[in-house]
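This is upload-v1.tsv. It holds TSV, N, CA and C atoms.
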chain	number	residue	atom	x	y	z
A	1	MET	N	71.94	19.62	-74.05
A	1	MET	CA	72.69	18.41	-74.29
A	1	MET	C	72.00	17.56	-75.34
A	2	LYS	N	70.68	17.48	-75.28
A	2	LYS	CA	69.93	16.68	-76.26
A	2	LYS	C	70.11	17.22	-77.67
A	3	ALA	N	70.29	18.52	-77.80
A	3	ALA	CA	70.45	19.14	-79.12
A	3	ALA	C	71.90	19.12	-79.59
A	4	GLY	N	72.79	18.54	-78.80
A	4	GLY	CA	74.19	18.47	-79.18
A	4	GLY	C	74.94	19.78	-79.00
A	5	GLN	N	74.43	20.64	-78.14
A	5	GLN	CA	75.03	21.95	-77.93
A	5	GLN	C	75.78	22.08	-76.60
A	6	ALA	N	75.97	20.97	-75.91
A	6	ALA	CA	76.55	21.03	-74.58
A	6	ALA	C	77.95	21.64	-74.58
A	7	ARG	N	78.80	21.24	-75.50
A	7	ARG	CA	80.17	21.76	-75.53
A	7	ARG	C	80.18	23.26	-75.82
A	8	ALA	N	79.39	23.67	-76.79
A	8	ALA	CA	79.36	25.10	-77.14
A	8	ALA	C	78.82	25.92	-75.98
A	9	LEU	N	77.79	25.40	-75.33
A	9	LEU	CA	77.21	26.11	-74.19
A	9	LEU	C	78.20	26.18	-73.04
A	10	MET	N	78.88	25.08	-72.76
A	10	MET	CA	79.84	25.08	-71.66
A	10	MET	C	81.00	26.02	-71.96
A	11	ALA	N	81.43	26.09	-73.21
A	11	ALA	CA	82.50	27.03	-73.59
A	11	ALA	C	82.06	28.47	-73.29
A	12	LYS	N	80.81	28.78	-73.58
A	12	LYS	CA	80.28	30.12	-73.29
A	12	LYS	C	80.21	30.36	-71.78
A	13	VAL	N	79.80	29.36	-71.04
A	13	VAL	CA	79.73	29.49	-69.58
A	13	VAL	C	81.12	29.76	-69.01
A	14	LEU	N	82.11	29.03	-69.49
A	14	LEU	CA	83.48	29.25	-69.02
A	14	LEU	C	83.97	30.65	-69.38
A	15	ASP	N	83.68	31.09	-70.60
A	15	ASP	CA	84.07	32.45	-71.00
A	15	ASP	C	83.43	33.49	-70.09
A	16	ARG	N	82.16	33.31	-69.79
A	16	ARG	CA	81.47	34.28	-68.94
A	16	ARG	C	82.01	34.24	-67.51
A	17	LEU	N	82.35	33.05	-67.03
A	17	LEU	CA	82.94	32.93	-65.71
A	17	LEU	C	84.26	33.68	-65.65
A	18	ILE	N	85.07	33.54	-66.67
A	18	ILE	CA	86.36	34.23	-66.72
A	18	ILE	C	86.14	35.74	-66.76
A	19	GLN	N	85.23	36.20	-67.60
A	19	GLN	CA	84.95	37.63	-67.68
A	19	GLN	C	84.45	38.17	-66.35
A	20	TYR	N	83.53	37.44	-65.73
A	20	TYR	CA	82.98	37.89	-64.46
A	20	TYR	C	84.05	37.95	-63.38
A	21	THR	N	84.86	36.90	-63.27
A	21	THR	CA	85.86	36.91	-62.21
A	21	THR	C	86.89	38.00	-62.44
A	22	ARG	N	87.26	38.25	-63.68
A	22	ARG	CA	88.20	39.34	-63.95
A	22	ARG	C	87.63	40.67	-63.48
A	23	LEU	N	86.38	40.94	-63.84
A	23	LEU	CA	85.73	42.19	-63.44
A	23	LEU	C	85.57	42.27	-61.93
A	24	HIS	N	85.04	41.22	-61.34
A	24	HIS	CA	84.82	41.20	-59.90
A	24	HIS	C	86.13	41.36	-59.15
A	25	PHE	N	87.14	40.58	-59.53
A	25	PHE	CA	88.43	40.65	-58.84
A	25	PHE	C	89.06	42.03	-59.00
A	26	SER	N	88.95	42.60	-60.17
A	26	SER	CA	89.51	43.93	-60.41
A	26	SER	C	88.86	44.96	-59.49
A	27	GLU	N	87.55	44.93	-59.42
A	27	GLU	CA	86.84	45.88	-58.56
A	27	GLU	C	87.17	45.64	-57.08
A	28	GLU	N	87.21	44.39	-56.69
A	28	GLU	CA	87.54	44.06	-55.30
A	28	GLU	C	88.96	44.50	-54.96
A	29	GLU	N	89.89	44.24	-55.86
A	29	GLU	CA	91.29	44.61	-55.62
A	29	GLU	C	91.47	46.11	-55.54
A	30	GLU	N	90.74	46.85	-56.35
A	30	GLU	CA	90.80	48.31	-56.28
A	30	GLU	C	90.31	48.80	-54.92
A	31	MET	N	89.22	48.22	-54.45
A	31	MET	CA	88.66	48.59	-53.16
A	31	MET	C	89.64	48.25	-52.03
A	32	LEU	N	90.27	47.07	-52.10
A	32	LEU	CA	91.21	46.66	-51.06
A	32	LEU	C	92.47	47.51	-51.07
A	33	ALA	N	92.92	47.91	-52.26
A	33	ALA	CA	94.10	48.77	-52.35
A	33	ALA	C	93.81	50.12	-51.72
A	34	LYS	N	92.65	50.68	-52.00
A	34	LYS	CA	92.28	51.97	-51.42
A	34	LYS	C	92.17	51.90	-49.90
A	35	ALA	N	91.78	50.74	-49.39
A	35	ALA	CA	91.65	50.56	-47.94
A	35	ALA	C	92.97	50.15	-47.30
A	36	SER	N	94.02	50.01	-48.10
A	36	SER	CA	95.33	49.57	-47.60
A	36	SER	C	95.22	48.26	-46.82
A	37	TYR	N	94.50	47.32	-47.38
A	37	TYR	CA	94.28	46.02	-46.74
A	37	TYR	C	95.62	45.32	-46.54
A	38	SER	N	95.90	44.89	-45.33
A	38	SER	CA	97.21	44.32	-44.99
A	38	SER	C	97.50	43.01	-45.70
A	39	GLU	N	96.47	42.28	-46.08
A	39	GLU	CA	96.66	40.99	-46.78
A	39	GLU	C	96.41	41.12	-48.28
A	40	PHE	N	96.61	42.33	-48.80
A	40	PHE	CA	96.31	42.60	-50.21
A	40	PHE	C	97.10	41.69	-51.15
A	41	VAL	N	98.40	41.59	-50.96
A	41	VAL	CA	99.24	40.82	-51.90
A	41	VAL	C	98.84	39.34	-51.95
A	42	PRO	N	98.71	38.65	-50.80
A	42	PRO	CA	98.30	37.25	-50.89
A	42	PRO	C	96.87	37.08	-51.42
A	43	HIS	N	96.02	38.05	-51.13
A	43	HIS	CA	94.64	37.98	-51.62
A	43	HIS	C	94.62	38.05	-53.15
A	44	VAL	N	95.38	38.98	-53.70
A	44	VAL	CA	95.47	39.11	-55.15
A	44	VAL	C	96.09	37.85	-55.76
A	45	ALA	N	97.06	37.27	-55.08
A	45	ALA	CA	97.69	36.04	-55.57
A	45	ALA	C	96.66	34.92	-55.67
A	46	GLN	N	95.74	34.85	-54.73
A	46	GLN	CA	94.68	33.84	-54.82
A	46	GLN	C	93.79	34.10	-56.02
A	47	HIS	N	93.46	35.36	-56.25
A	47	HIS	CA	92.66	35.70	-57.43
A	47	HIS	C	93.37	35.27	-58.71
A	48	ARG	N	94.66	35.59	-58.80
A	48	ARG	CA	95.42	35.26	-60.01
A	48	ARG	C	95.49	33.74	-60.22
A	49	GLY	N	95.71	33.01	-59.13
A	49	GLY	CA	95.78	31.56	-59.23
A	49	GLY	C	94.48	30.96	-59.72
A	50	PHE	N	93.37	31.44	-59.19
A	50	PHE	CA	92.07	30.94	-59.63
A	50	PHE	C	91.83	31.27	-61.09
A	51	THR	N	92.07	32.52	-61.46
A	51	THR	CA	91.84	32.95	-62.84
A	51	THR	C	92.71	32.15	-63.81
A	52	GLU	N	93.97	31.97	-63.49
A	52	GLU	CA	94.86	31.21	-64.37
A	52	GLU	C	94.40	29.77	-64.51
A	53	ARG	N	93.96	29.18	-63.42
A	53	ARG	CA	93.50	27.78	-63.47
A	53	ARG	C	92.25	27.64	-64.34
A	54	VAL	N	91.30	28.56	-64.18
A	54	VAL	CA	90.07	28.50	-64.99
A	54	VAL	C	90.38	28.80	-66.45
A	55	GLU	N	91.24	29.77	-66.72
A	55	GLU	CA	91.61	30.08	-68.10
A	55	GLU	C	92.29	28.88	-68.77
A	56	LYS	N	93.17	28.21	-68.05
A	56	LYS	CA	93.84	27.03	-68.59
A	56	LYS	C	92.84	25.93	-68.87
A	57	PHE	N	91.94	25.70	-67.94
A	57	PHE	CA	90.92	24.68	-68.16
A	57	PHE	C	90.06	25.03	-69.37
A	58	ALA	N	89.66	26.29	-69.50
A	58	ALA	CA	88.83	26.71	-70.64
A	58	ALA	C	89.56	26.48	-71.96
A	59	ARG	N	90.85	26.81	-72.01
A	59	ARG	CA	91.62	26.57	-73.24
A	59	ARG	C	91.67	25.08	-73.57
A	60	GLU	N	91.92	24.27	-72.55
A	60	GLU	CA	92.00	22.82	-72.78
A	60	GLU	C	90.64	22.26	-73.18
A	61	PHE	N	89.59	22.76	-72.58
A	61	PHE	CA	88.24	22.31	-72.91
A	61	PHE	C	87.91	22.64	-74.37
A	62	LYS	N	88.20	23.87	-74.77
A	62	LYS	CA	87.90	24.30	-76.14
A	62	LYS	C	88.74	23.54	-77.17
A	63	ALA	N	89.95	23.13	-76.77
A	63	ALA	CA	90.83	22.37	-77.66
A	63	ALA	C	90.45	20.89	-77.69
A	64	GLY	N	89.49	20.50	-76.86
A	64	GLY	CA	89.06	19.11	-76.82
A	64	GLY	C	89.92	18.25	-75.92
A	65	ASN	N	90.77	18.86	-75.12
A	65	ASN	CA	91.68	18.10	-74.25
A	65	ASN	C	91.18	17.98	-72.82
A	66	ALA	N	90.00	18.47	-72.53
A	66	ALA	CA	89.46	18.39	-71.17
A	66	ALA	C	87.95	18.25	-71.26
A	67	ILE	N	87.40	17.65	-70.25
A	67	ILE	CA	85.94	17.51	-70.17
A	67	ILE	C	85.47	18.10	-68.84
A	68	ILE	N	84.22	18.49	-68.82
A	68	ILE	CA	83.63	18.99	-67.59
A	68	ILE	C	83.27	17.77	-66.75
A	69	THR	N	83.83	17.71	-65.57
A	69	THR	CA	83.55	16.60	-64.67
A	69	THR	C	82.96	17.15	-63.37
A	70	VAL	N	82.47	16.26	-62.58
A	70	VAL	CA	81.96	16.64	-61.26
A	70	VAL	C	83.09	17.25	-60.45
A	71	ASP	N	84.30	16.72	-60.61
A	71	ASP	CA	85.44	17.26	-59.88
A	71	ASP	C	85.71	18.72	-60.25
A	72	VAL	N	85.61	19.03	-61.53
A	72	VAL	CA	85.82	20.42	-61.99
A	72	VAL	C	84.74	21.32	-61.41
A	73	MET	N	83.52	20.89	-61.49
A	73	MET	CA	82.41	21.70	-60.97
A	73	MET	C	82.53	21.87	-59.45
A	74	ASN	N	82.93	20.80	-58.77
A	74	ASN	CA	83.13	20.90	-57.32
A	74	ASN	C	84.25	21.87	-56.98
A	75	PHE	N	85.34	21.82	-57.77
A	75	PHE	CA	86.44	22.77	-57.55
A	75	PHE	C	85.94	24.20	-57.67
A	76	LEU	N	85.22	24.49	-58.74
A	76	LEU	CA	84.73	25.86	-58.95
A	76	LEU	C	83.83	26.29	-57.81
A	77	GLN	N	82.90	25.44	-57.45
A	77	GLN	CA	81.98	25.78	-56.38
A	77	GLN	C	82.71	25.94	-55.05
A	78	GLU	N	83.56	24.98	-54.73
A	78	GLU	CA	84.29	25.04	-53.46
A	78	GLU	C	85.18	26.27	-53.38
A	79	TRP	N	85.89	26.57	-54.48
A	79	TRP	CA	86.78	27.72	-54.45
A	79	TRP	C	85.99	29.00	-54.24
A	80	LEU	N	84.94	29.15	-55.01
A	80	LEU	CA	84.17	30.39	-54.90
A	80	LEU	C	83.50	30.52	-53.53
A	81	VAL	N	82.89	29.46	-53.05
A	81	VAL	CA	82.23	29.52	-51.74
A	81	VAL	C	83.28	29.75	-50.65
A	82	ASN	N	84.37	28.99	-50.68
A	82	ASN	CA	85.42	29.15	-49.66
A	82	ASN	C	86.00	30.56	-49.71
A	83	HIS	N	86.26	31.05	-50.92
A	83	HIS	CA	86.85	32.37	-51.05
A	83	HIS	C	85.90	33.44	-50.52
A	84	ILE	N	84.65	33.36	-50.91
A	84	ILE	CA	83.68	34.38	-50.49
A	84	ILE	C	83.36	34.28	-49.00
A	85	MET	N	83.12	33.06	-48.53
A	85	MET	CA	82.67	32.89	-47.15
A	85	MET	C	83.80	32.96	-46.13
A	86	LYS	N	85.02	32.70	-46.54
A	86	LYS	CA	86.12	32.69	-45.57
A	86	LYS	C	87.15	33.78	-45.87
A	87	VAL	N	87.73	33.74	-47.03
A	87	VAL	CA	88.82	34.66	-47.35
A	87	VAL	C	88.31	36.10	-47.45
A	88	ASP	N	87.22	36.30	-48.17
A	88	ASP	CA	86.70	37.67	-48.32
A	88	ASP	C	86.20	38.23	-46.99
A	89	GLN	N	85.73	37.39	-46.10
A	89	GLN	CA	85.25	37.87	-44.81
A	89	GLN	C	86.36	38.50	-43.98
A	90	LYS	N	87.59	38.10	-44.24
A	90	LYS	CA	88.73	38.63	-43.48
A	90	LYS	C	88.92	40.13	-43.70
A	91	TYR	N	88.54	40.62	-44.88
A	91	TYR	CA	88.78	42.05	-45.14
A	91	TYR	C	87.60	42.93	-44.75
A	92	SER	N	86.51	42.35	-44.33
A	92	SER	CA	85.33	43.17	-44.02
A	92	SER	C	85.61	44.18	-42.90
A	93	ALA	N	86.32	43.77	-41.87
A	93	ALA	CA	86.63	44.70	-40.77
A	93	ALA	C	87.48	45.87	-41.25
A	94	CYS	N	88.43	45.58	-42.14
A	94	CYS	CA	89.29	46.62	-42.70
A	94	CYS	C	88.45	47.64	-43.47
A	95	LEU	N	87.52	47.14	-44.27
A	95	LEU	CA	86.70	48.04	-45.08
A	95	LEU	C	85.78	48.87	-44.20
A	96	VAL	N	85.23	48.27	-43.16
A	96	VAL	CA	84.36	49.02	-42.25
A	96	VAL	C	85.16	50.12	-41.56
A	97	GLU	N	86.38	49.76	-41.14
A	97	GLU	CA	87.24	50.72	-40.45
A	97	GLU	C	87.61	51.88	-41.36
A	98	LYS	N	87.93	51.57	-42.63
A	98	LYS	CA	88.38	52.60	-43.59
A	98	LYS	C	87.22	53.31	-44.25
A	99	ASN	N	86.05	52.72	-44.21
A	99	ASN	CA	84.85	53.22	-44.86
A	99	ASN	C	85.16	54.02	-46.09

Whole structure, structure tokens version:
Amino acid sequence: MKAGQARALMAKVLDRLIQYTRLHFSEEEEMLAKASYSEFVPHVAQHRGFTERVEKFAREFKAGNAIITVDVMNFLQEWLVNHIMKVDQKYSACLVEKN
């Protein structure tokens, strides 16, 4: 931030977040499809909603129409923690059963 690189760095962080979530979600969805997870469709819908929201924010940020706020960071953290700790835990029994 002191060097005036905060915007460029944050743009890179957002790009990497998008790339990571796409890869992670793709791998997770493939695993869930193979296990015939009963909640597959709504689970994928949550992934798509998150990805679309982050991609939209990244576009707006890069265009200068959005800023990184505590609310944005809290959303990202809350979504990821909630998704991993609650939503993803729901499929663990299915995966163990299907091994």

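The space between CA of Ile68 (chain A) and atom N of Thr51 (chain A) spans 17.1 Å.
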
Per DSSP on the backbone, what are the helix (DSSP H, G or I) residues of chain A, as an NGL selection string? :A and (6-34 or 40-62 or 70-98)

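Counting only C-alpha atoms, the residue from A:Met31, A:Leu9, A:Leu17, A:Ala3 that sits nearest to Val96 (chain A) is A:Met31.
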
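Considering all atoms listed in the file, the residue among A:His83, A:Lys62, A:Lys98, A:Arg22 positioned nearest to Arg7 (chain A) is A:Lys62.
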
Do a neighbour search on His24 (chain A) at 12 Å with only C-alpha atoms, toss out local chain neighbours closer than 5 positions, and write the hits as a VMD selection string. chain A and resid 16 to 19 29 to 31 44 47 51 80 84

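Coordinates place atom N of Leu76 (chain A) at a distance of 15.6 Å from atom C of Glu60 (chain A).
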
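If you count only C-alpha atoms and ignore residues fewer than 5 places along the chain from Ala35 (chain A), what sits within 8 Å of it is Cys94, Leu95, Lys98 and Asn99 of chain A.
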
Kindly give the distance, in Å, that separates atom N of Lys34 (chain A) and atom C of Ser92 (chain A), rounded to a single decimal. 13.2 Å

Could you name the residues that touch Ala66 (chain A) at 12 Å or less, counting only C-alpha atoms, but leaving out those on the same chain fewer than 4 positions away, as a ChimeraX atom specification? /A:7,10-11,54,56-62,72
